[in-house]
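Student: This is the structure I want to talk about, given as structure tokens.
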Amino acid sequence: MVLLRGRAEPSALAPLIAAVAEAAPFRFMTTKRGGQMSAAMTSCGRCGWVTDRRGYRYEAADPLSGQPWPAMPPAFESLATGAAAEAGFAGFQPDTCLINRYAVGAGMGLHQDADERDFGQPIVSVSLGLPAVFLVGGPERQDRSRPIGLRDGDVMVFGGPARLLFHGIRPVRAGDDPLFGPFRYNLTFRRAR
Ligand code: MD3
Ligand code: FE
């Protein structure tokens with residue numbers, strides 16, 4: 001796990017997120033167990049992450065519109081490939097970027113990202129807007145987790161043994177980001193297929 005503090009340029013990414021969300025709006029997805037996630041989500045790239053009562057998977061089309069997900073902006077892709085290379089994963093080619101939007105009070109419980117085909121590929125994460133406490137655990141759900149504060153512009157790369165660690169986000173605290181307002185955004189770049 002490599003943390004690149006302030007590696008992203010938030011002002012360059014904000015309009016690109018807005019453009020993706022215009023074509024594929026943020027929505028609250030349903031978990032396998034029928035609950036609603038507190039973070040709103042959308043995707044761009046050749047596929048996007050979808051969840052409903054049938055389970056978790058990647059699909060080429062946005063189920064809301066039936067249309068392909070918006071293309072991944074070149075500036076997203078170059079940020080992800082550059083950060084991955086810096087962390088020792090040259091040649092990373094993400095085919096999707098999942099965008100999470102956290103309002104105040106939203107979070108994400110401890111989970112593993114295991115819906116992708118090749119766990120040899122890293123995941124690159126970009127934090128934007130309000131700060132949050134990221135929890136990183138171990139390879140088993142019951143392992144102790146440790147808090148890491150994430151701020152606007154921070155980039156993390158999870159590869160090798162870190163790729164399957166349990167992780168989560170504590171509920172986001174109230175605040176007002178000059179660019180993103182009362183929200184935290186997170187981009188996760190993945191090679192899904
Ligand atoms: C560690 N997102 O989208 S980013 C997710 O801030 C997710 O929105 C959180 O967990 C967020 O699945 C955390 C950091 C992150 C993302 C993916 C990982 C850490 C990871 C995959 C494997 C290990
Ligand atoms: Fe995750």
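Residue numbering restarts at 1 for every chain of the structure tokens, chains are lettered A, B, ... in their displayed order, and ligands are numbered from 1 as they appear.
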Could you give me the residues within stretch 3-137 of chain A that DSSP places in alpha helix (DSSP H), as a ChimeraX atom specification?
Tutor: /A:10-23,74-86
Student: Once you count only C-alpha atoms and all ligand atoms, what closest atom pair and distance in Å to one decimal does each residue of chain A within 7 Å of ligand 1 have, with rows by chain and rising residue number, as CSV?
Tutor:
residue,atom,partner,partner_atom_place_in_ligand_line,distance
A:Leu98,CA,ligand 1,3 (O),6.5
A:Asn100,CA,ligand 1,8 (O),5.4
A:Met108,CA,ligand 1,9 (C),6.8
A:Gln112,CA,ligand 1,22 (C),6.3
A:Asp113,CA,ligand 1,21 (C),5.1
A:Ile123,CA,ligand 1,21 (C),5.7
A:Val124,CA,ligand 1,16 (C),6.9
A:Ser125,CA,ligand 1,4 (S),5.1
A:Ser127,CA,ligand 1,6 (O),6.6
A:Phe134,CA,ligand 1,13 (C),6.7
A:Met156,CA,ligand 1,14 (C),6.8
A:Phe158,CA,ligand 1,23 (C),5.4
A:Ala162,CA,ligand 1,23 (C),5.8
A:Arg163,CA,ligand 1,22 (C),4.3
A:Leu164,CA,ligand 1,22 (C),5.1
A:Leu165,CA,ligand 1,23 (C),4.9
A:Phe166,CA,ligand 1,23 (C),6.4
A:His167,CA,ligand 1,1 (C),5.7
A:Gly168,CA,ligand 1,10 (O),5.7
A:Ile169,CA,ligand 1,6 (O),5.9
A:Asn186,CA,ligand 1,8 (O),4.7
A:Leu187,CA,ligand 1,8 (O),6.9
A:Thr188,CA,ligand 1,3 (O),5.9
Student: I'd like the neighbourhood of A:Gln67 as a compact mmCIF listing (two decimals) with N, CA, C and O atoms, in the first residue's frame, where a residue qualifies if any of its atoms comes within 12 Å (using only C-alpha atoms), though same-chain residues fewer than 3 positions away should be ignored.
Tutor:
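Okay, this is what ended up in selection_19.txt:
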# COMPACT_ATOMS: atom_id res chain seq x y z
N ALA A 23 -23.89 12.43 -17.57
CA ALA A 23 -24.29 11.32 -18.44
C ALA A 23 -24.77 10.11 -17.63
O ALA A 23 -25.68 9.39 -18.05
N ALA A 24 -24.14 9.88 -16.50
CA ALA A 24 -24.46 8.72 -15.65
C ALA A 24 -24.59 9.24 -14.22
O ALA A 24 -23.61 9.30 -13.49
N CYS A 44 -17.26 5.34 -14.80
CA CYS A 44 -16.92 5.61 -16.19
C CYS A 44 -15.90 4.58 -16.63
O CYS A 44 -15.30 3.88 -15.81
N ARG A 46 -14.86 1.36 -19.64
CA ARG A 46 -15.48 0.33 -20.48
C ARG A 46 -16.52 -0.51 -19.75
O ARG A 46 -17.33 -1.19 -20.34
N CYS A 47 -16.49 -0.44 -18.40
CA CYS A 47 -17.54 -1.10 -17.62
C CYS A 47 -17.74 -0.33 -16.33
O CYS A 47 -16.99 0.60 -16.02
N GLY A 48 -18.77 -0.68 -15.60
CA GLY A 48 -19.07 0.02 -14.35
C GLY A 48 -19.58 -0.96 -13.32
O GLY A 48 -20.12 -2.02 -13.67
N GLU A 59 -20.67 -4.25 -15.36
CA GLU A 59 -21.45 -4.34 -16.59
C GLU A 59 -21.05 -3.23 -17.54
O GLU A 59 -20.67 -2.13 -17.11
N ALA A 60 -21.17 -3.49 -18.85
CA ALA A 60 -20.75 -2.53 -19.88
C ALA A 60 -21.72 -1.36 -19.99
O ALA A 60 -21.35 -0.27 -20.42
N ALA A 61 -22.99 -1.57 -19.61
CA ALA A 61 -24.00 -0.52 -19.74
C ALA A 61 -24.49 -0.08 -18.36
O ALA A 61 -24.56 -0.88 -17.42
N ASP A 62 -24.84 1.20 -18.28
CA ASP A 62 -25.44 1.74 -17.07
C ASP A 62 -26.89 1.26 -16.99
O ASP A 62 -27.68 1.57 -17.90
N PRO A 63 -27.29 0.52 -15.97
CA PRO A 63 -28.66 0.01 -15.91
C PRO A 63 -29.72 1.12 -15.86
O PRO A 63 -30.87 0.89 -16.23
N LEU A 64 -29.33 2.33 -15.43
CA LEU A 64 -30.31 3.43 -15.39
C LEU A 64 -30.73 3.88 -16.79
O LEU A 64 -31.86 4.26 -17.02
N PRO A 70 -20.09 6.41 -19.48
CA PRO A 70 -19.27 7.44 -20.12
C PRO A 70 -17.80 6.98 -20.20
O PRO A 70 -17.34 6.22 -19.35
N ALA A 71 -17.12 7.45 -21.25
CA ALA A 71 -15.71 7.09 -21.41
C ALA A 71 -14.89 7.63 -20.23
O ALA A 71 -15.25 8.63 -19.62
Student: Atom CA of A:His111 and atom CA of A:Val136, how far apart in Å?
Tutor: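 A separation of 9.8 Å between them.
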Student: For each of A:Asp152, A:Asp118, A:Phe28, A:Ile99, take the minimum atom-to-atom distance to ligand 2, counting only C-alpha atoms and all ligand atoms, then give the residue where this is smallest.
Tutor: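 For ligand 2, the nearest of the candidates is A:Ile99.
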Student: Might you pull out every residue within 12 Å of A:Ala75, with only C-alpha atoms counted and same-chain residues fewer than 6 positions away left off, and present them as a VMD selection string?
Tutor: chain A and resid 8 to 17 81 to 82 97
Student: Please produce a file of the residues just selected, as a PDB file, in the first residue's frame, where the atoms kept are all heavy atoms.
Tutor:
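As written to disk, selection_23.pdb reads:
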ATOM      1  N   ALA A   8      -2.936  14.269  -6.535  1.00  0.00           N
ATOM      2  CA  ALA A   8      -3.951  14.655  -7.525  1.00  0.00           C
ATOM      3  C   ALA A   8      -4.201  16.165  -7.486  1.00  0.00           C
ATOM      4  O   ALA A   8      -3.981  16.820  -6.468  1.00  0.00           O
ATOM      5  CB  ALA A   8      -5.251  13.906  -7.256  1.00  0.00           C
ATOM      6  N   GLU A   9      -4.680  16.698  -8.611  1.00  0.00           N
ATOM      7  CA  GLU A   9      -5.026  18.113  -8.730  1.00  0.00           C
ATOM      8  C   GLU A   9      -6.553  18.237  -8.704  1.00  0.00           C
ATOM      9  O   GLU A   9      -7.219  18.066  -9.731  1.00  0.00           O
ATOM     10  CB  GLU A   9      -4.465  18.650 -10.054  1.00  0.00           C
ATOM     11  CG  GLU A   9      -4.698  20.122 -10.266  1.00  0.00           C
ATOM     12  CD  GLU A   9      -4.216  20.967  -9.097  1.00  0.00           C
ATOM     13  OE1 GLU A   9      -2.991  21.061  -8.899  1.00  0.00           O
ATOM     14  OE2 GLU A   9      -5.079  21.500  -8.364  1.00  0.00           O
ATOM     15  N   PRO A  10      -7.133  18.531  -7.517  1.00  0.00           N
ATOM     16  CA  PRO A  10      -8.599  18.514  -7.399  1.00  0.00           C
ATOM     17  C   PRO A  10      -9.315  19.414  -8.398  1.00  0.00           C
ATOM     18  O   PRO A  10     -10.351  19.024  -8.948  1.00  0.00           O
ATOM     19  CB  PRO A  10      -8.834  18.974  -5.953  1.00  0.00           C
ATOM     20  CG  PRO A  10      -7.588  18.547  -5.234  1.00  0.00           C
ATOM     21  CD  PRO A  10      -6.471  18.754  -6.213  1.00  0.00           C
ATOM     22  N   SER A  11      -8.764  20.608  -8.672  1.00  0.00           N
ATOM     23  CA  SER A  11      -9.483  21.539  -9.554  1.00  0.00           C
ATOM     24  C   SER A  11      -9.542  21.025 -10.986  1.00  0.00           C
ATOM     25  O   SER A  11     -10.438  21.389 -11.749  1.00  0.00           O
ATOM     26  CB  SER A  11      -8.844  22.925  -9.497  1.00  0.00           C
ATOM     27  OG  SER A  11      -7.513  22.858  -9.966  1.00  0.00           O
ATOM     28  N   ALA A  12      -8.590  20.166 -11.366  1.00  0.00           N
ATOM     29  CA  ALA A  12      -8.632  19.580 -12.712  1.00  0.00           C
ATOM     30  C   ALA A  12      -9.635  18.434 -12.791  1.00  0.00           C
ATOM     31  O   ALA A  12     -10.175  18.143 -13.865  1.00  0.00           O
ATOM     32  CB  ALA A  12      -7.241  19.082 -13.101  1.00  0.00           C
ATOM     33  N   LEU A  13      -9.885  17.791 -11.659  1.00  0.00           N
ATOM     34  CA  LEU A  13     -10.750  16.603 -11.663  1.00  0.00           C
ATOM     35  C   LEU A  13     -12.224  16.952 -11.473  1.00  0.00           C
ATOM     36  O   LEU A  13     -13.099  16.242 -11.985  1.00  0.00           O
ATOM     37  CB  LEU A  13     -10.290  15.625 -10.569  1.00  0.00           C
ATOM     38  CG  LEU A  13      -8.850  15.119 -10.741  1.00  0.00           C
ATOM     39  CD1 LEU A  13      -8.445  14.256  -9.545  1.00  0.00           C
ATOM     40  CD2 LEU A  13      -8.689  14.331 -12.041  1.00  0.00           C
ATOM     41  N   ALA A  14     -12.510  18.053 -10.764  1.00  0.00           N
ATOM     42  CA  ALA A  14     -13.907  18.401 -10.436  1.00  0.00           C
ATOM     43  C   ALA A  14     -14.800  18.495 -11.673  1.00  0.00           C
ATOM     44  O   ALA A  14     -15.881  17.888 -11.700  1.00  0.00           O
ATOM     45  CB  ALA A  14     -13.951  19.686  -9.608  1.00  0.00           C
ATOM     46  N   PRO A  15     -14.386  19.231 -12.738  1.00  0.00           N
ATOM     47  CA  PRO A  15     -15.282  19.320 -13.899  1.00  0.00           C
ATOM     48  C   PRO A  15     -15.438  17.989 -14.632  1.00  0.00           C
ATOM     49  O   PRO A  15     -16.479  17.751 -15.270  1.00  0.00           O
ATOM     50  CB  PRO A  15     -14.616  20.369 -14.801  1.00  0.00           C
ATOM     51  CG  PRO A  15     -13.223  20.534 -14.292  1.00  0.00           C
ATOM     52  CD  PRO A  15     -13.210  20.108 -12.863  1.00  0.00           C
ATOM     53  N   LEU A  16     -14.448  17.123 -14.531  1.00  0.00           N
ATOM     54  CA  LEU A  16     -14.528  15.817 -15.202  1.00  0.00           C
ATOM     55  C   LEU A  16     -15.522  14.914 -14.477  1.00  0.00           C
ATOM     56  O   LEU A  16     -16.278  14.165 -15.110  1.00  0.00           O
ATOM     57  CB  LEU A  16     -13.140  15.173 -15.269  1.00  0.00           C
ATOM     58  CG  LEU A  16     -12.074  16.027 -15.983  1.00  0.00           C
ATOM     59  CD1 LEU A  16     -10.700  15.378 -15.912  1.00  0.00           C
ATOM     60  CD2 LEU A  16     -12.481  16.284 -17.432  1.00  0.00           C
ATOM     61  N   ILE A  17     -15.537  15.000 -13.143  1.00  0.00           N
ATOM     62  CA  ILE A  17     -16.538  14.251 -12.370  1.00  0.00           C
ATOM     63  C   ILE A  17     -17.942  14.752 -12.718  1.00  0.00           C
ATOM     64  O   ILE A  17     -18.868  13.959 -12.933  1.00  0.00           O
ATOM     65  CB  ILE A  17     -16.272  14.391 -10.852  1.00  0.00           C
ATOM     66  CG1 ILE A  17     -14.944  13.727 -10.481  1.00  0.00           C
ATOM     67  CG2 ILE A  17     -17.424  13.790 -10.039  1.00  0.00           C
ATOM     68  CD1 ILE A  17     -14.503  14.000  -9.053  1.00  0.00           C
ATOM     69  N   THR A  81      -2.509   5.667 -14.046  1.00  0.00           N
ATOM     70  CA  THR A  81      -1.348   4.904 -14.525  1.00  0.00           C
ATOM     71  C   THR A  81      -0.059   5.479 -13.943  1.00  0.00           C
ATOM     72  O   THR A  81       0.851   4.720 -13.590  1.00  0.00           O
ATOM     73  CB  THR A  81      -1.288   4.876 -16.062  1.00  0.00           C
ATOM     74  OG1 THR A  81      -1.253   6.216 -16.542  1.00  0.00           O
ATOM     75  CG2 THR A  81      -2.500   4.184 -16.650  1.00  0.00           C
ATOM     76  N   GLY A  82      -0.001   6.812 -13.803  1.00  0.00           N
ATOM     77  CA  GLY A  82       1.204   7.439 -13.226  1.00  0.00           C
ATOM     78  C   GLY A  82       1.397   7.052 -11.773  1.00  0.00           C
ATOM     79  O   GLY A  82       2.505   6.715 -11.345  1.00  0.00           O
ATOM     80  N   CYS A  97     -13.495   3.281 -13.674  1.00  0.00           N
ATOM     81  CA  CYS A  97     -13.299   4.131 -12.500  1.00  0.00           C
ATOM     82  C   CYS A  97     -14.642   4.235 -11.800  1.00  0.00           C
ATOM     83  O   CYS A  97     -15.613   4.749 -12.369  1.00  0.00           O
ATOM     84  CB  CYS A  97     -12.806   5.514 -12.908  1.00  0.00           C
ATOM     85  SG  CYS A  97     -12.724   6.670 -11.518  1.00  0.00           S
TER      86      CYS A  97
END
Student: Nearest to A:Pro178 among A:Pro25, A:Gly159, A:Gly129, A:Gly149, with distances taken over only C-alpha atoms: which residue is it?
Tutor: A:Gly129
Student: Using atom CA of A:Arg117 and atom CA of A:Arg191 as the two end points, give the distance in Å to one decimal.
Tutor: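 Atom CA of A:Arg191 lies 7.8 Å from atom CA of A:Arg117.
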Student: Using DSSP assignments from the backbone, pull out every residue in chain A that falls under strand (DSSP E) and give it to me as an MDAnalysis selection string.
Tutor: chainID A and resid 2:4 40:45 48:52 55:59 96:103 108:111 123:129 132:136 146:150 155:158 167:169 183:190
Student: When distances are computed from only C-alpha atoms, which of A:Leu110, A:Asp177, A:Met1, A:Lys32 shows the smallest separation from A:Glu140?
Tutor: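 The shortest atom-to-atom distance to A:Glu140 comes from A:Leu110.
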Student: Record the distance separating atom CA of A:Pro94 and atom CA of A:Asp143, expressed in Å with one decimal.
Tutor: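 These atoms are spaced 29.0 Å apart.
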Student: Could you check which of A:Ala114, A:Val172, A:Ala103, A:Val133 is closest to ligand 2, using only C-alpha atoms and all ligand atoms?
Tutor: A:Ala114
